[in-house]
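**Student:** Contents of input12.cif (mmCIF, C-alpha atoms; chains and numbers go by the auth columns):
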```
data_my_file
#
loop_
_atom_site.group_PDB
_atom_site.id
_atom_site.type_symbol
_atom_site.label_atom_id
_atom_site.label_comp_id
_atom_site.label_asym_id
_atom_site.label_seq_id
_atom_site.Cartn_x
_atom_site.Cartn_y
_atom_site.Cartn_z
_atom_site.B_iso_or_equiv
_atom_site.auth_seq_id
_atom_site.auth_asym_id
ATOM 1 C CA ALA A 1 95.637 100.706 115.368 0.00 1 M
ATOM 2 C CA GLN A 2 98.116 98.428 113.659 0.00 2 M
ATOM 3 C CA SER A 3 97.674 94.804 114.614 0.00 3 M
ATOM 4 C CA VAL A 4 98.260 91.169 113.810 0.00 4 M
ATOM 5 C CA ALA A 5 95.573 88.561 114.405 0.00 5 M
ATOM 6 C CA GLN A 6 95.854 84.813 114.720 0.00 6 M
ATOM 7 C CA PRO A 7 92.163 83.969 114.982 0.00 7 M
ATOM 8 C CA GLU A 8 92.603 80.414 116.251 0.00 8 M
ATOM 9 C CA ASP A 9 94.056 79.718 119.684 0.00 9 M
ATOM 10 C CA GLN A 10 94.455 76.067 118.737 0.00 10 M
ATOM 11 C CA VAL A 11 94.382 74.014 115.560 0.00 11 M
ATOM 12 C CA ASN A 12 93.992 70.232 115.590 0.00 12 M
ATOM 13 C CA VAL A 13 95.030 68.186 112.577 0.00 13 M
ATOM 14 C CA ALA A 14 95.440 64.479 111.968 0.00 14 M
ATOM 15 C CA GLU A 15 98.895 63.325 110.957 0.00 15 M
ATOM 16 C CA GLY A 16 99.260 63.205 107.185 0.00 16 M
ATOM 17 C CA ASN A 17 96.545 65.787 106.584 0.00 17 M
ATOM 18 C CA PRO A 18 97.267 69.295 105.291 0.00 18 M
ATOM 19 C CA LEU A 19 97.432 72.044 107.874 0.00 19 M
ATOM 20 C CA THR A 20 96.777 75.765 107.827 0.00 20 M
ATOM 21 C CA VAL A 21 97.524 78.273 110.569 0.00 21 M
ATOM 22 C CA LYS A 22 95.911 81.625 109.877 0.00 22 M
ATOM 23 C CA CYS A 23 97.327 85.122 110.207 0.00 23 M
ATOM 24 C CA THR A 24 95.801 88.424 109.172 0.00 24 M
ATOM 25 C CA TYR A 25 97.197 91.887 109.700 0.00 25 M
ATOM 26 C CA SER A 26 96.174 95.498 109.719 0.00 26 M
ATOM 27 C CA VAL A 27 99.290 97.511 108.995 0.00 27 M
ATOM 28 C CA SER A 28 99.842 100.430 106.666 0.00 28 M
ATOM 29 C CA GLY A 29 102.196 100.145 103.751 0.00 29 M
ATOM 30 C CA ASN A 30 103.794 96.946 102.507 0.00 30 M
ATOM 31 C CA PRO A 31 105.104 95.214 105.604 0.00 31 M
ATOM 32 C CA TYR A 32 107.497 92.337 105.883 0.00 32 M
ATOM 33 C CA LEU A 33 105.821 89.185 107.209 0.00 33 M
ATOM 34 C CA PHE A 34 107.298 86.393 109.304 0.00 34 M
ATOM 35 C CA TRP A 35 106.414 83.057 110.849 0.00 35 M
ATOM 36 C CA TYR A 36 108.148 81.620 113.894 0.00 36 M
ATOM 37 C CA VAL A 37 107.722 78.321 115.728 0.00 37 M
ATOM 38 C CA GLN A 38 108.223 77.629 119.410 0.00 38 M
ATOM 39 C CA TYR A 39 108.754 74.119 120.711 0.00 39 M
ATOM 40 C CA PRO A 40 108.218 73.400 124.431 0.00 40 M
ATOM 41 C CA ASN A 41 110.803 74.973 126.706 0.00 41 M
ATOM 42 C CA ARG A 42 112.621 76.554 123.777 0.00 42 M
ATOM 43 C CA GLY A 43 112.927 79.966 122.204 0.00 43 M
ATOM 44 C CA LEU A 44 111.199 80.905 118.998 0.00 44 M
ATOM 45 C CA GLN A 45 112.730 79.757 115.729 0.00 45 M
ATOM 46 C CA PHE A 46 112.413 81.559 112.418 0.00 46 M
ATOM 47 C CA LEU A 47 110.442 79.570 109.819 0.00 47 M
ATOM 48 C CA LEU A 48 109.982 81.837 106.816 0.00 48 M
ATOM 49 C CA LYS A 49 109.407 85.377 105.633 0.00 49 M
ATOM 50 C CA TYR A 50 107.789 87.361 102.883 0.00 50 M
ATOM 51 C CA ILE A 51 109.399 90.556 101.656 0.00 51 M
ATOM 52 C CA THR A 52 108.358 90.872 98.038 0.00 52 M
ATOM 53 C CA GLY A 53 107.881 88.792 94.931 0.00 53 M
ATOM 54 C CA ASP A 54 106.182 85.404 94.691 0.00 54 M
ATOM 55 C CA ASN A 55 103.164 85.195 96.972 0.00 55 M
ATOM 56 C CA LEU A 56 104.045 81.644 98.005 0.00 56 M
ATOM 57 C CA VAL A 57 107.156 81.430 100.129 0.00 57 M
ATOM 58 C CA LYS A 58 108.833 78.271 101.307 0.00 58 M
ATOM 59 C CA GLY A 59 110.546 77.823 104.616 0.00 59 M
ATOM 60 C CA SER A 60 112.000 75.329 107.028 0.00 60 M
ATOM 61 C CA TYR A 61 110.613 71.873 107.851 0.00 61 M
ATOM 62 C CA GLY A 62 108.440 71.770 104.708 0.00 62 M
ATOM 63 C CA PHE A 63 106.338 74.762 105.688 0.00 63 M
ATOM 64 C CA GLU A 64 105.166 77.390 103.264 0.00 64 M
ATOM 65 C CA ALA A 65 103.074 80.513 103.535 0.00 65 M
ATOM 66 C CA GLU A 66 100.792 82.307 101.144 0.00 66 M
ATOM 67 C CA PHE A 67 100.686 86.079 101.069 0.00 67 M
ATOM 68 C CA ASN A 68 97.387 87.618 100.012 0.00 68 M
ATOM 69 C CA LYS A 69 97.550 91.377 99.734 0.00 69 M
ATOM 70 C CA SER A 70 93.859 91.970 99.131 0.00 70 M
ATOM 71 C CA GLN A 71 92.913 89.935 102.195 0.00 71 M
ATOM 72 C CA THR A 72 95.941 91.132 104.187 0.00 72 M
ATOM 73 C CA SER A 73 96.646 87.563 105.155 0.00 73 M
ATOM 74 C CA PHE A 74 99.734 85.416 105.477 0.00 74 M
ATOM 75 C CA HIS A 75 98.576 81.887 106.253 0.00 75 M
ATOM 76 C CA LEU A 76 101.058 79.169 107.141 0.00 76 M
ATOM 77 C CA LYS A 77 100.594 75.833 105.399 0.00 77 M
ATOM 78 C CA LYS A 78 102.026 72.368 105.111 0.00 78 M
ATOM 79 C CA PRO A 79 100.775 69.680 102.726 0.00 79 M
ATOM 80 C CA SER A 80 101.202 66.758 105.126 0.00 80 M
ATOM 81 C CA ALA A 81 101.390 67.264 108.887 0.00 81 M
ATOM 82 C CA LEU A 82 103.786 65.400 111.163 0.00 82 M
ATOM 83 C CA VAL A 83 103.331 64.764 114.869 0.00 83 M
ATOM 84 C CA SER A 84 106.624 66.610 115.359 0.00 84 M
ATOM 85 C CA ASP A 85 105.022 69.763 113.927 0.00 85 M
ATOM 86 C CA SER A 86 103.068 70.107 117.159 0.00 86 M
ATOM 87 C CA ALA A 87 104.191 73.432 118.613 0.00 87 M
ATOM 88 C CA LEU A 88 103.230 77.057 119.114 0.00 88 M
ATOM 89 C CA TYR A 89 103.289 79.218 115.983 0.00 89 M
ATOM 90 C CA PHE A 90 103.639 82.973 115.888 0.00 90 M
ATOM 91 C CA CYS A 91 103.017 85.355 113.024 0.00 91 M
ATOM 92 C CA ALA A 92 104.898 88.675 113.060 0.00 92 M
ATOM 93 C CA VAL A 93 104.670 91.771 110.897 0.00 93 M
ATOM 94 C CA SER A 94 107.318 94.430 110.485 0.00 94 M
ATOM 95 C CA LEU A 95 106.075 98.002 110.561 0.00 95 M
ATOM 96 C CA MET A 96 107.561 100.063 107.784 0.00 96 M
ATOM 97 C CA ASP A 97 108.662 102.830 110.110 0.00 97 M
ATOM 98 C CA SER A 98 112.195 103.943 110.827 0.00 98 M
ATOM 99 C CA ASN A 99 112.759 101.081 113.222 0.00 99 M
ATOM 100 C CA TYR A 100 110.880 98.329 111.381 0.00 100 M
ATOM 101 C CA GLN A 101 109.297 97.413 114.683 0.00 101 M
ATOM 102 C CA LEU A 102 107.743 93.960 114.838 0.00 102 M
ATOM 103 C CA ILE A 103 104.157 93.351 115.854 0.00 103 M
ATOM 104 C CA TRP A 104 103.372 89.815 117.011 0.00 104 M
ATOM 105 C CA GLY A 105 100.267 87.711 116.846 0.00 105 M
ATOM 106 C CA ALA A 106 99.055 85.982 120.006 0.00 106 M
ATOM 107 C CA GLY A 107 100.207 82.574 118.820 0.00 107 M
ATOM 108 C CA THR A 108 98.398 79.432 117.676 0.00 108 M
ATOM 109 C CA LYS A 109 98.920 76.072 119.277 0.00 109 M
ATOM 110 C CA LEU A 110 99.124 73.375 116.634 0.00 110 M
ATOM 111 C CA ILE A 111 98.352 69.836 117.721 0.00 111 M
ATOM 112 C CA ILE A 112 98.970 66.997 115.299 0.00 112 M
ATOM 113 C CA LYS A 113 97.311 63.748 116.322 0.00 113 M
ATOM 114 C CA PRO A 114 98.698 60.364 115.211 0.00 114 M
ATOM 115 C CA ASP B 1 121.430 76.349 118.190 0.00 1 F
ATOM 116 C CA SER B 2 120.462 79.994 117.624 0.00 2 F
ATOM 117 C CA GLY B 3 123.781 81.368 118.889 0.00 3 F
ATOM 118 C CA VAL B 4 121.989 83.499 121.493 0.00 4 F
ATOM 119 C CA THR B 5 122.955 82.663 125.071 0.00 5 F
ATOM 120 C CA GLN B 6 120.827 83.507 128.059 0.00 6 F
ATOM 121 C CA THR B 7 121.759 83.053 131.689 0.00 7 F
ATOM 122 C CA PRO B 8 120.565 81.838 134.071 0.00 8 F
ATOM 123 C CA LYS B 9 118.129 79.271 132.710 0.00 9 F
ATOM 124 C CA HIS B 10 116.070 79.257 135.863 0.00 10 F
ATOM 125 C CA LEU B 11 115.699 81.780 138.634 0.00 11 F
ATOM 126 C CA ILE B 12 113.632 81.480 141.775 0.00 12 F
ATOM 127 C CA THR B 13 113.375 84.492 144.030 0.00 13 F
ATOM 128 C CA ALA B 14 111.078 86.165 146.512 0.00 14 F
ATOM 129 C CA THR B 15 108.774 89.120 146.125 0.00 15 F
ATOM 130 C CA GLY B 16 110.477 92.466 146.535 0.00 16 F
ATOM 131 C CA GLN B 17 113.825 91.204 145.314 0.00 17 F
ATOM 132 C CA ARG B 18 115.898 92.305 142.345 0.00 18 F
ATOM 133 C CA VAL B 19 117.363 90.066 139.645 0.00 19 F
ATOM 134 C CA THR B 20 119.512 90.489 136.564 0.00 20 F
ATOM 135 C CA LEU B 21 119.098 88.460 133.405 0.00 21 F
ATOM 136 C CA ARG B 22 121.932 88.289 130.933 0.00 22 F
ATOM 137 C CA CYS B 23 121.993 87.844 127.187 0.00 23 F
ATOM 138 C CA SER B 24 124.826 87.344 124.725 0.00 24 F
ATOM 139 C CA PRO B 25 123.652 87.940 121.160 0.00 25 F
ATOM 140 C CA ARG B 26 124.585 85.922 118.142 0.00 26 F
ATOM 141 C CA SER B 27 127.984 86.867 116.743 0.00 27 F
ATOM 142 C CA GLY B 28 127.620 89.816 114.374 0.00 28 F
ATOM 143 C CA ASP B 29 124.146 90.824 115.536 0.00 29 F
ATOM 144 C CA LEU B 30 123.810 94.433 116.664 0.00 30 F
ATOM 145 C CA SER B 31 120.203 94.438 117.838 0.00 31 F
ATOM 146 C CA VAL B 32 119.054 92.886 121.086 0.00 32 F
ATOM 147 C CA TYR B 33 115.430 92.507 122.120 0.00 33 F
ATOM 148 C CA TRP B 34 113.814 91.463 125.371 0.00 34 F
ATOM 149 C CA TYR B 35 110.457 89.719 125.494 0.00 35 F
ATOM 150 C CA GLN B 36 108.283 88.422 128.296 0.00 36 F
ATOM 151 C CA GLN B 37 106.152 85.324 127.777 0.00 37 F
ATOM 152 C CA SER B 38 103.492 84.595 130.332 0.00 38 F
ATOM 153 C CA LEU B 39 101.740 81.306 131.023 0.00 39 F
ATOM 154 C CA ASP B 40 98.926 82.200 128.661 0.00 40 F
ATOM 155 C CA GLN B 41 101.558 82.055 125.908 0.00 41 F
ATOM 156 C CA GLY B 42 101.447 85.701 124.851 0.00 42 F
ATOM 157 C CA LEU B 43 104.712 87.297 123.739 0.00 43 F
ATOM 158 C CA GLN B 44 105.148 90.771 125.171 0.00 44 F
ATOM 159 C CA PHE B 45 107.835 93.038 123.723 0.00 45 F
ATOM 160 C CA LEU B 46 109.757 94.870 126.429 0.00 46 F
ATOM 161 C CA ILE B 47 112.650 96.782 124.908 0.00 47 F
ATOM 162 C CA GLN B 48 115.127 96.842 122.024 0.00 48 F
ATOM 163 C CA TYR B 49 118.714 98.042 121.769 0.00 49 F
ATOM 164 C CA TYR B 50 120.732 98.590 118.637 0.00 50 F
ATOM 165 C CA ASN B 51 124.499 98.913 118.915 0.00 51 F
ATOM 166 C CA GLY B 52 124.281 100.163 122.474 0.00 52 F
ATOM 167 C CA GLU B 53 121.413 102.590 122.051 0.00 53 F
ATOM 168 C CA GLU B 54 117.811 102.108 123.056 0.00 54 F
ATOM 169 C CA ARG B 55 115.712 101.882 119.894 0.00 55 F
ATOM 170 C CA ALA B 56 112.233 100.916 120.951 0.00 56 F
ATOM 171 C CA LYS B 57 110.263 100.467 124.105 0.00 57 F
ATOM 172 C CA GLY B 58 107.271 98.248 124.565 0.00 58 F
ATOM 173 C CA ASN B 59 105.210 97.551 127.637 0.00 59 F
ATOM 174 C CA ILE B 60 108.141 97.603 129.997 0.00 60 F
ATOM 175 C CA LEU B 61 107.357 98.404 133.605 0.00 61 F
ATOM 176 C CA GLU B 62 109.212 101.192 135.375 0.00 62 F
ATOM 177 C CA ARG B 63 110.547 98.558 137.775 0.00 63 F
ATOM 178 C CA PHE B 64 112.351 96.973 134.834 0.00 64 F
ATOM 179 C CA SER B 65 115.391 98.375 133.078 0.00 65 F
ATOM 180 C CA ALA B 66 117.881 97.165 130.535 0.00 66 F
ATOM 181 C CA GLN B 67 121.109 98.118 128.886 0.00 67 F
ATOM 182 C CA GLN B 68 123.390 96.968 126.112 0.00 68 F
ATOM 183 C CA PHE B 69 127.101 97.079 126.759 0.00 69 F
ATOM 184 C CA PRO B 70 129.943 97.915 124.336 0.00 70 F
ATOM 185 C CA ASP B 71 130.572 94.214 123.728 0.00 71 F
ATOM 186 C CA LEU B 72 126.867 94.040 122.720 0.00 72 F
ATOM 187 C CA HIS B 73 125.733 91.763 125.497 0.00 73 F
ATOM 188 C CA SER B 74 122.645 92.946 127.312 0.00 74 F
ATOM 189 C CA GLU B 75 121.204 92.765 130.787 0.00 75 F
ATOM 190 C CA LEU B 76 117.615 93.049 131.917 0.00 76 F
ATOM 191 C CA ASN B 77 117.154 94.198 135.494 0.00 77 F
ATOM 192 C CA LEU B 78 113.915 93.422 137.282 0.00 78 F
ATOM 193 C CA SER B 79 113.370 95.027 140.672 0.00 79 F
ATOM 194 C CA SER B 80 110.714 95.055 143.398 0.00 80 F
ATOM 195 C CA LEU B 81 109.540 91.766 142.001 0.00 81 F
ATOM 196 C CA GLU B 82 105.912 90.759 142.237 0.00 82 F
ATOM 197 C CA LEU B 83 104.233 87.381 141.838 0.00 83 F
ATOM 198 C CA GLY B 84 102.897 88.513 138.480 0.00 84 F
ATOM 199 C CA ASP B 85 106.423 88.939 137.142 0.00 85 F
ATOM 200 C CA SER B 86 106.816 85.169 137.036 0.00 86 F
ATOM 201 C CA ALA B 87 107.296 84.367 133.374 0.00 87 F
ATOM 202 C CA LEU B 88 109.701 83.254 130.701 0.00 88 F
ATOM 203 C CA TYR B 89 111.988 86.068 129.603 0.00 89 F
ATOM 204 C CA PHE B 90 113.470 85.797 126.137 0.00 90 F
ATOM 205 C CA CYS B 91 116.319 87.616 124.552 0.00 91 F
ATOM 206 C CA ALA B 92 116.579 87.784 120.782 0.00 92 F
ATOM 207 C CA SER B 93 119.107 89.298 118.441 0.00 93 F
ATOM 208 C CA SER B 94 119.237 90.325 114.801 0.00 94 F
ATOM 209 C CA VAL B 95 121.781 91.846 112.489 0.00 95 F
ATOM 210 C CA ALA B 96 119.551 94.793 111.575 0.00 96 F
ATOM 211 C CA SER B 97 116.937 96.715 113.511 0.00 97 F
ATOM 212 C CA GLY B 98 113.475 95.257 113.796 0.00 98 F
ATOM 213 C CA GLY B 99 112.420 93.498 110.633 0.00 99 F
ATOM 214 C CA LYS B 100 114.525 95.705 108.404 0.00 100 F
ATOM 215 C CA LEU B 101 115.763 93.942 105.303 0.00 101 F
ATOM 216 C CA GLY B 102 113.717 90.971 106.409 0.00 102 F
ATOM 217 C CA SER B 103 116.376 90.030 108.920 0.00 103 F
ATOM 218 C CA PRO B 104 114.958 87.387 111.251 0.00 104 F
ATOM 219 C CA LEU B 105 115.236 87.410 115.007 0.00 105 F
ATOM 220 C CA HIS B 106 117.267 84.696 116.695 0.00 106 F
ATOM 221 C CA PHE B 107 115.965 83.751 120.111 0.00 107 F
ATOM 222 C CA GLY B 108 117.697 82.348 123.136 0.00 108 F
ATOM 223 C CA ASN B 109 116.052 79.605 125.156 0.00 109 F
ATOM 224 C CA GLY B 110 114.924 82.006 127.813 0.00 110 F
ATOM 225 C CA THR B 111 115.196 82.508 131.541 0.00 111 F
ATOM 226 C CA ARG B 112 112.338 81.101 133.549 0.00 112 F
ATOM 227 C CA LEU B 113 111.696 83.434 136.478 0.00 113 F
ATOM 228 C CA THR B 114 109.623 82.257 139.397 0.00 114 F
ATOM 229 C CA VAL B 115 108.713 84.781 142.057 0.00 115 F
ATOM 230 C CA THR B 116 107.466 83.243 145.294 0.00 116 F
#
```
Show this structure as structure tokens.
**Tutor:**
Amino acid sequence: AQSVAQPEDQVNVAEGNPLTVKCTYSVSGNPYLFWYVQYPNRGLQFLLKYITGDNLVKGSYGFEAEFNKSQTSFHLKKPSALVSDSALYFCAVSLMDSNYQLIWGAGTKLIIKP
Amino acid sequence: DSGVTQTPKHLITATGQRVTLRCSPRSGDLSVYWYQQSLDQGLQFLIQYYNGEERAKGNILERFSAQQFPDLHSELNLSSLELGDSALYFCASSVASGGKLGSPLHFGNGTRLTVT
């Protein structure tokens, strides 16, 4: 079955330290990959995407993500965490079918401590 | 501001009742999606419309139905409500269908439904 996994329910990082939120997928073909962020009481916001090309993609708020085809991973990273980065992060993968249906990870809660 | 408008923001109703949630997509977007987010944070895909036609169905209960109107706004109807239907319901829109062309989804701020 095609799936997206975010293996960590929660990630705790000290402010100023680098952060990584993990995402792996099991999808046939060469899917499109996305990261979204959800702040409390708000809808999800698009952060970045990978379609093709450079394996390191840059997005909003200083975030970047590294695509690794051999490991079928798309980890979200930031060199220096801010307290304001604390939020819920979702990884999504687009199936390469006729409808490009999205499959979502379960979400990872990121907590940045001052 | 995502440009996606959802009304109402909050809804409190009793079991057995029926409610309608409304969504206006971002200008120019043809696809509308409905998602349910429960307290344990999971995002559950319900249904997708593209330019008025149903395109994909997720884990949508038979008690739930949706439609997209000619002006592209969408409504999600929830009937015979149960306590377990209490959740945050999100609408999202995109210019293309699904993740085609890498087009991102734009989410509204949701309708918080409480069934008592």
**Student:** Please compute the atom CA of M:Ile112-atom CA of F:Phe107 distance, one decimal, in Å.
**Tutor:** 24.3 Å
**Student:** Contacts from chain M to chain F, 7 Å maximum, only C-alpha atoms: show me the residue list as JSON, numbers by chain.
**Tutor:** {"M": [32, 42, 43, 44, 45, 46, 51, 94, 99, 100, 101, 102, 106, 107]}
**Student:** Convert the current residue selection to file output with C-alpha atoms, as a PDB file, in the frame of the given file.
**Tutor:**
```
ATOM      1  CA  TYR M  32     107.497  92.337 105.883  1.00  0.00           C
ATOM      2  CA  ARG M  42     112.621  76.554 123.777  1.00  0.00           C
ATOM      3  CA  GLY M  43     112.927  79.966 122.204  1.00  0.00           C
ATOM      4  CA  LEU M  44     111.199  80.905 118.998  1.00  0.00           C
ATOM      5  CA  GLN M  45     112.730  79.757 115.729  1.00  0.00           C
ATOM      6  CA  PHE M  46     112.413  81.559 112.418  1.00  0.00           C
ATOM      7  CA  ILE M  51     109.399  90.556 101.656  1.00  0.00           C
ATOM      8  CA  SER M  94     107.318  94.430 110.485  1.00  0.00           C
ATOM      9  CA  ASN M  99     112.759 101.081 113.222  1.00  0.00           C
ATOM     10  CA  TYR M 100     110.880  98.329 111.381  1.00  0.00           C
ATOM     11  CA  GLN M 101     109.297  97.413 114.683  1.00  0.00           C
ATOM     12  CA  LEU M 102     107.743  93.960 114.838  1.00  0.00           C
ATOM     13  CA  ALA M 106      99.055  85.982 120.006  1.00  0.00           C
ATOM     14  CA  GLY M 107     100.207  82.574 118.820  1.00  0.00           C
TER      15      GLY M 107
END
```
**Student:** Evaluate the PyMOL selection byres ((chain F and resi 15) around 10) here and jot the selected residues down as JSON, numbers by chain.
**Tutor:** {"F": [13, 14, 16, 17, 18, 79, 80, 81, 82, 83, 84, 85, 114, 115, 116]}
**Student:** Write out the residues from the selection above, keeping C-alpha atoms, as a PDB file, in the coordinates of the input.
**Tutor:**
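again.pdb was written with the following content:
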```pdb
ATOM      1  CA  THR F  13     113.375  84.492 144.030  1.00  0.00           C
ATOM      2  CA  ALA F  14     111.078  86.165 146.512  1.00  0.00           C
ATOM      3  CA  GLY F  16     110.477  92.466 146.535  1.00  0.00           C
ATOM      4  CA  GLN F  17     113.825  91.204 145.314  1.00  0.00           C
ATOM      5  CA  ARG F  18     115.898  92.305 142.345  1.00  0.00           C
ATOM      6  CA  SER F  79     113.370  95.027 140.672  1.00  0.00           C
ATOM      7  CA  SER F  80     110.714  95.055 143.398  1.00  0.00           C
ATOM      8  CA  LEU F  81     109.540  91.766 142.001  1.00  0.00           C
ATOM      9  CA  GLU F  82     105.912  90.759 142.237  1.00  0.00           C
ATOM     10  CA  LEU F  83     104.233  87.381 141.838  1.00  0.00           C
ATOM     11  CA  GLY F  84     102.897  88.513 138.480  1.00  0.00           C
ATOM     12  CA  ASP F  85     106.423  88.939 137.142  1.00  0.00           C
ATOM     13  CA  THR F 114     109.623  82.257 139.397  1.00  0.00           C
ATOM     14  CA  VAL F 115     108.713  84.781 142.057  1.00  0.00           C
ATOM     15  CA  THR F 116     107.466  83.243 145.294  1.00  0.00           C
TER      16      THR F 116
END
```
**Student:** Please determine, counting all atoms listed in the file, which residue among M:Ser70, M:Asn55, M:Asn30, M:Thr24 has the shortest atom-to-atom distance to M:Phe90.
**Tutor:**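 Checking each of M:Ser70, M:Asn55, M:Asn30, M:Thr24 against M:Phe90, counting all atoms listed in the file, the winner is M:Thr24.
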**Student:** Considering all atoms listed in the file, return as a PyMOL selection string whatever protein or nucleic-acid residues lie within 8 Å of F:Thr5, sequence-local ones (same chain, fewer than 2 positions apart) excluded.
**Tutor:** chain F and resi 3+7+23-26+108-109
**Student:** For the atom pair atom CA of M:Gly105 and atom CA of F:Thr20, what is the interatomic distance in Å to one decimal place?
**Tutor:**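 Atom CA of M:Gly105 sits 27.7 Å away from atom CA of F:Thr20.
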**Student:** Excluding M:Lys78 and any residue of its chain fewer than 5 positions from it, enumerate the residues within 10 Å of it, using only C-alpha atoms, and give them as a list in words.
**Tutor:**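 Here the answer would be Gly16, Asn17, Pro18, Leu19, Thr20, Val21, Lys58, Tyr61, Gly62, Phe63, Glu64, Ala65 and Asp85 of chain M.
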**Student:** Once the PyMOL selection byres ((chain F and resi 51) around 7) has been applied to the shown file, what residues remain in the selection, as number ranges by chain?
**Tutor:** F: 30-31, 49-50, 52-53, 72
